[in-house]
>>> print(open('work.tsv').read())   # TSV, C-alpha atoms
chain	number	residue	atom	x	y	z
A	23	MET	CA	26.73	-12.89	14.92
A	24	ASN	CA	25.00	-15.60	12.89
A	25	SER	CA	22.04	-14.86	10.61
A	26	GLU	CA	19.58	-16.74	12.85
A	27	LYS	CA	20.42	-14.44	15.78
A	28	VAL	CA	20.09	-11.35	13.56
A	29	SER	CA	16.71	-12.64	12.36
A	30	GLN	CA	15.59	-13.22	15.96
A	31	THR	CA	16.68	-9.73	16.96
A	32	GLY	CA	14.61	-8.22	14.14
A	33	LEU	CA	11.61	-10.31	15.11
A	34	ARG	CA	11.88	-9.16	18.74
A	35	GLU	CA	12.03	-5.54	17.59
A	36	ARG	CA	8.98	-5.95	15.35
A	37	ILE	CA	7.02	-7.68	18.11
A	38	GLY	CA	8.02	-4.90	20.51
A	39	PHE	CA	6.89	-2.30	17.98
A	40	ALA	CA	3.51	-4.03	17.60
A	41	ILE	CA	3.05	-4.35	21.36
A	42	LYS	CA	3.85	-0.65	21.85
A	43	LYS	CA	1.27	0.23	19.17
A	44	ILE	CA	-1.33	-1.73	21.12
A	45	GLY	CA	-0.47	0.24	24.25
A	46	GLY	CA	2.27	-1.72	25.98
A	47	GLN	CA	2.65	-5.14	27.55
A	48	LYS	CA	-0.36	-4.95	29.86
A	49	ALA	CA	-2.70	-3.69	27.13
A	50	ALA	CA	-1.42	-6.34	24.72
A	51	SER	CA	-1.84	-9.02	27.36
A	52	LEU	CA	-5.47	-8.04	27.93
A	53	ALA	CA	-6.23	-7.64	24.22
A	54	LEU	CA	-4.65	-10.97	23.29
A	55	GLY	CA	-5.95	-12.84	26.32
A	56	ILE	CA	-2.52	-14.07	27.38
A	57	SER	CA	-0.25	-13.40	30.34
A	58	THR	CA	2.13	-10.47	30.53
A	59	ARG	CA	4.80	-13.12	31.06
A	60	SER	CA	4.05	-14.52	27.58
A	61	ILE	CA	4.20	-11.01	26.12
A	62	SER	CA	7.51	-10.43	27.85
A	63	SER	CA	8.94	-13.70	26.53
A	64	TYR	CA	7.95	-12.68	22.98
A	65	MET	CA	9.70	-9.35	23.43
A	66	THR	CA	12.90	-10.91	24.80
A	67	GLY	CA	12.99	-13.63	22.17
A	68	ASP	CA	12.66	-16.43	24.71
A	69	ALA	CA	9.51	-17.55	22.89
A	70	GLU	CA	7.89	-16.91	19.53
A	71	PRO	CA	4.16	-16.41	19.13
A	72	LYS	CA	2.31	-19.11	17.22
A	73	LEU	CA	0.74	-18.20	13.89
A	74	LEU	CA	-2.73	-17.47	15.30
A	75	MET	CA	-1.26	-15.27	18.04
A	76	SER	CA	0.92	-13.48	15.45
A	77	GLN	CA	-2.17	-12.85	13.32
A	78	ARG	CA	-4.04	-11.42	16.29
A	79	LEU	CA	-1.05	-9.31	17.31
A	80	ALA	CA	-0.68	-7.92	13.77
A	81	GLU	CA	-4.40	-7.19	13.56
A	82	LEU	CA	-4.54	-5.41	16.92
A	83	ALA	CA	-1.43	-3.36	16.14
A	84	ASP	CA	-2.72	-2.64	12.62
A	85	VAL	CA	0.47	-3.90	11.00
A	86	SER	CA	1.06	-6.29	8.15
A	87	LEU	CA	1.45	-9.92	9.22
A	88	ASP	CA	4.11	-10.36	6.52
A	89	TRP	CA	6.12	-7.50	7.97
A	90	LEU	CA	5.70	-8.79	11.53
A	91	ALA	CA	6.86	-12.28	10.57
A	92	THR	CA	9.63	-11.47	8.06
A	93	GLY	CA	10.50	-7.81	8.35
A	94	GLU	CA	9.92	-7.42	4.62
A	95	GLY	CA	7.80	-4.63	3.25
A	96	MET	CA	6.24	-1.88	5.30
A	97	PRO	CA	4.72	-2.32	8.75
A	98	GLU	CA	1.48	-0.72	7.63
A	99	LYS	CA	-1.21	-2.94	6.19
A	100	ASP	CA	-1.82	-2.67	2.49
A	101	ASN	CA	-4.77	-0.35	2.84
A	102	LEU	CA	-5.10	1.49	-0.45
A	103	ASP	CA	-7.45	4.17	0.87
A	104	GLU	CA	-5.07	4.96	3.70
A	105	MET	CA	-2.06	4.97	1.38
A	106	VAL	CA	-3.55	7.54	-0.98
A	107	LYS	CA	-5.43	9.75	1.46
A	108	ASP	CA	-2.75	12.49	1.52
A	109	ILE	CA	-2.02	12.42	-2.20
A	110	LYS	CA	-3.39	15.53	-3.83
A	111	VAL	CA	-5.01	13.92	-6.85
A	112	ASP	CA	-8.64	14.19	-7.85
A	113	ALA	CA	-9.42	10.46	-7.98
A	114	ASP	CA	-12.67	11.02	-9.93
A	115	LEU	CA	-10.85	13.04	-12.59
A	116	MET	CA	-8.09	10.46	-12.83
A	117	ALA	CA	-10.67	7.68	-13.16
A	118	GLU	CA	-12.40	9.58	-15.98
A	119	ILE	CA	-9.09	10.05	-17.81
A	120	VAL	CA	-8.20	6.38	-17.48
A	121	LYS	CA	-11.68	5.36	-18.63
A	122	VAL	CA	-11.60	7.55	-21.76
A	123	VAL	CA	-8.04	6.52	-22.66
A	124	ASN	CA	-8.85	2.82	-22.20
A	125	GLU	CA	-12.07	3.09	-24.21
A	126	TYR	CA	-10.24	4.75	-27.08
A	127	LEU	CA	-7.40	2.23	-27.04
A	128	ASP	CA	-9.93	-0.62	-26.92
A	129	SER	CA	-11.77	0.84	-29.93
A	130	LEU	CA	-8.47	0.72	-31.84
A	131	ASP	CA	-7.66	-2.75	-30.43
A	132	ARG	CA	-4.38	-1.24	-29.35
A	133	GLU	CA	-2.14	-1.32	-26.29
A	134	LEU	CA	0.53	1.10	-25.19
A	135	PRO	CA	3.45	0.29	-22.91
A	136	PRO	CA	3.06	1.37	-19.27
A	137	GLU	CA	5.73	4.09	-19.66
A	138	LYS	CA	3.73	5.81	-22.41
A	139	LEU	CA	0.41	5.33	-20.63
A	140	GLY	CA	1.84	6.85	-17.45
A	141	LYS	CA	3.05	9.90	-19.34
A	142	ILE	CA	-0.30	10.26	-21.12
A	143	TYR	CA	-2.18	10.02	-17.82
A	144	ALA	CA	0.13	12.56	-16.19
A	145	TYR	CA	-0.13	15.01	-19.07
A	146	LEU	CA	-3.91	14.71	-19.30
A	147	TYR	CA	-4.30	15.04	-15.55
A	148	ASN	CA	-2.27	18.25	-15.53
A	149	TYR	CA	-4.15	19.57	-18.55
A	150	CYS	CA	-7.62	18.64	-17.32
A	151	HIS	CA	-6.92	19.65	-13.76
A	152	LYS	CA	-6.79	23.27	-14.87
A	153	ASP	CA	-10.60	23.34	-14.87
A	154	GLU	CA	-10.73	21.90	-18.37
A	155	PRO	CA	-13.14	19.05	-18.98
A	156	VAL	CA	-11.84	15.69	-20.14
A	157	ARG	CA	-12.19	16.02	-23.88
A	158	ARG	CA	-12.08	12.90	-26.00
A	159	ASP	CA	-10.47	14.73	-28.96
A	160	ASN	CA	-7.54	15.87	-26.78
A	161	ILE	CA	-7.01	12.35	-25.56
A	162	ILE	CA	-7.19	10.92	-29.08
A	163	SER	CA	-4.64	13.44	-30.34
A	164	LEU	CA	-2.28	12.71	-27.48
A	165	ILE	CA	-2.51	8.95	-27.98
A	166	ASP	CA	-1.90	9.34	-31.71
A	167	ILE	CA	1.17	11.49	-30.99
A	168	ALA	CA	2.46	8.95	-28.46
A	169	GLY	CA	2.53	6.35	-31.20
>>> encode(input="work.tsv", output="structure tokens")
Amino acid sequence: MNSEKVSQTGLRERIGFAIKKIGGQKAASLALGISTRSISSYMTGDAEPKLLMSQRLAELADVSLDWLATGEGMPEKDNLDEMVKDIKVDADLMAEIVKVVNEYLDSLDRELPPEKLGKIYAYLYNYCHKDEPVRRDNIISLIDIAG
């Protein structure tokens, strides 16, 4: 099987996935304002939707246009709030930690590599999460230890 055919098969599957998310061929037809015959031809690979139709299909199905067109990445849109909604992190606490760390590093005119910053943030989050306030002296000590 050549790569073009494999690519087409993936596209048909992604279009089918999007159409099912909308509610099926009839619902997609009504929502997109096109015939069920056109929807069917997209799903069988006999026709490809134009860019505008692909954009509308992706929007209605709440999937990423990049994923729909190429198959790369995740089908879900890059919606940061949705991506982090189930993560059990106190975003306000994390923001306060990042703010204090960045302010201190800025006052020293100093940068740390991402690996060290990540470890500092993780340590401070675990420490502060135990009902301890974010204390500047703890952060300063930790940054000094990190080098």
>>> residues_around(input="work.tsv", residues="Gly55 of chain A", least_positions_apart="5", cutoff="12 Å", atoms="all atoms listed in the file", output="JSON, numbers by chain")
{"A": [47, 48, 49, 50, 60, 61, 75, 78, 79]}
>>> closest_residue(input="work.tsv", among="A:Ser86, A:Gly93, A:Gly38, A:Ala80", to="Thr66 of chain A", atoms="only C-alpha atoms")
A:Gly38
>>> residues_near_point(input="work.tsv", point="(1.6, -4.1, 7.4)", cutoff="8 Å", atoms="only C-alpha atoms", output="PyMOL selection string")
chain A and resi 80+84-90+95-100
>>> atom_distance(input="work.tsv", atom1="atom CA of Tyr147 of chain A", atom2="atom CA of Ser129 of chain A")
21.5 Å
>>> residues_around(input="work.tsv", residues="Asn124 of chain A", least_positions_apart="2", cutoff="12 Å", atoms="only C-alpha atoms", output="list of chain:residue names")
A:Ala117, A:Glu118, A:Ile119, A:Val120, A:Lys121, A:Val122, A:Tyr126, A:Leu127, A:Asp128, A:Ser129, A:Leu130, A:Asp131, A:Arg132, A:Glu133, A:Leu134, A:Leu139, A:Ile142, A:Tyr143, A:Arg158, A:Ile161, A:Ile162, A:Ile165
>>> closest_residue(input="work.tsv", among="A:Met116, A:Tyr64, A:Glu94, A:Lys72", to="Tyr149 of chain A", atoms="all atoms listed in the file")
A:Met116
>>> atom_distance(input="work.tsv", atom1="atom CA of Ala83 of chain A", atom2="atom CA of Lys110 of chain A")
27.6 Å
>>> atom_distance(input="work.tsv", atom1="atom CA of Gly67 of chain A", atom2="atom CA of Arg34 of chain A")
5.7 Å
>>> closest_residue(input="work.tsv", among="A:Ser57, A:Asn160, A:Ile44, A:Ile37", to="Pro71 of chain A", atoms="only C-alpha atoms")
A:Ile37
>>> build_atoms(input="work.tsv", residues="segment 60-71 of chain A", atoms="all heavy atoms", output="compact mmCIF listing (two decimals), keeping the file's coordinate frame")
# COMPACT_ATOMS: atom_id res chain seq x y z
N SER A 60 3.94 -14.08 28.98
CA SER A 60 4.05 -14.52 27.58
C SER A 60 4.46 -13.36 26.69
O SER A 60 5.33 -13.51 25.82
CB SER A 60 2.73 -15.10 27.09
OG SER A 60 2.43 -16.30 27.76
N ILE A 61 3.85 -12.21 26.90
CA ILE A 61 4.20 -11.01 26.12
C ILE A 61 5.67 -10.69 26.31
O ILE A 61 6.40 -10.43 25.35
CB ILE A 61 3.32 -9.80 26.54
CG1 ILE A 61 1.85 -10.05 26.23
CG2 ILE A 61 3.82 -8.51 25.91
CD1 ILE A 61 1.49 -10.04 24.77
N SER A 62 6.12 -10.71 27.54
CA SER A 62 7.51 -10.43 27.85
C SER A 62 8.45 -11.42 27.16
O SER A 62 9.49 -11.04 26.62
CB SER A 62 7.73 -10.45 29.36
OG SER A 62 9.07 -10.18 29.67
N SER A 63 8.07 -12.69 27.16
CA SER A 63 8.94 -13.70 26.53
C SER A 63 8.98 -13.52 25.01
O SER A 63 10.00 -13.79 24.38
CB SER A 63 8.50 -15.12 26.89
OG SER A 63 7.23 -15.42 26.37
N TYR A 64 7.91 -13.00 24.40
CA TYR A 64 7.95 -12.68 22.98
C TYR A 64 8.92 -11.52 22.72
O TYR A 64 9.68 -11.53 21.76
CB TYR A 64 6.57 -12.26 22.45
CG TYR A 64 5.49 -13.31 22.50
CD1 TYR A 64 4.16 -12.94 22.47
CD2 TYR A 64 5.78 -14.67 22.56
CE1 TYR A 64 3.15 -13.88 22.49
CE2 TYR A 64 4.77 -15.62 22.59
CZ TYR A 64 3.45 -15.21 22.56
OH TYR A 64 2.45 -16.15 22.59
N MET A 65 8.87 -10.54 23.62
CA MET A 65 9.70 -9.35 23.43
C MET A 65 11.18 -9.63 23.67
O MET A 65 12.03 -8.97 23.07
CB MET A 65 9.21 -8.23 24.33
CG MET A 65 7.83 -7.72 23.92
SD MET A 65 7.23 -6.38 24.96
CE MET A 65 8.27 -5.03 24.41
N THR A 66 11.49 -10.58 24.53
CA THR A 66 12.90 -10.91 24.80
C THR A 66 13.44 -11.95 23.83
O THR A 66 14.64 -12.19 23.78
CB THR A 66 13.08 -11.43 26.23
OG1 THR A 66 12.30 -12.62 26.38
CG2 THR A 66 12.71 -10.38 27.26
N GLY A 67 12.55 -12.60 23.10
CA GLY A 67 12.99 -13.63 22.17
C GLY A 67 13.08 -15.00 22.80
O GLY A 67 13.53 -15.95 22.16
N ASP A 68 12.64 -15.13 24.05
CA ASP A 68 12.66 -16.43 24.71
C ASP A 68 11.58 -17.35 24.13
O ASP A 68 11.67 -18.57 24.27
CB ASP A 68 12.45 -16.28 26.22
CG ASP A 68 13.65 -15.60 26.89
OD1 ASP A 68 14.77 -15.68 26.34
OD2 ASP A 68 13.44 -14.97 27.95
N ALA A 69 10.56 -16.76 23.52
CA ALA A 69 9.51 -17.55 22.89
C ALA A 69 9.02 -16.78 21.66
O ALA A 69 9.16 -15.56 21.58
CB ALA A 69 8.34 -17.77 23.86
N GLU A 70 8.47 -17.53 20.71
CA GLU A 70 7.89 -16.91 19.53
C GLU A 70 6.39 -17.18 19.54
O GLU A 70 5.96 -18.29 19.85
CB GLU A 70 8.48 -17.50 18.25
CG GLU A 70 9.91 -17.10 17.99
CD GLU A 70 10.42 -17.66 16.66
OE1 GLU A 70 9.60 -18.04 15.80
OE2 GLU A 70 11.64 -17.70 16.49
N PRO A 71 5.61 -16.17 19.17
CA PRO A 71 4.16 -16.41 19.13
C PRO A 71 3.81 -17.39 18.01
O PRO A 71 4.45 -17.41 16.96
CB PRO A 71 3.58 -15.02 18.85
CG PRO A 71 4.69 -14.23 18.26
CD PRO A 71 5.96 -14.82 18.78
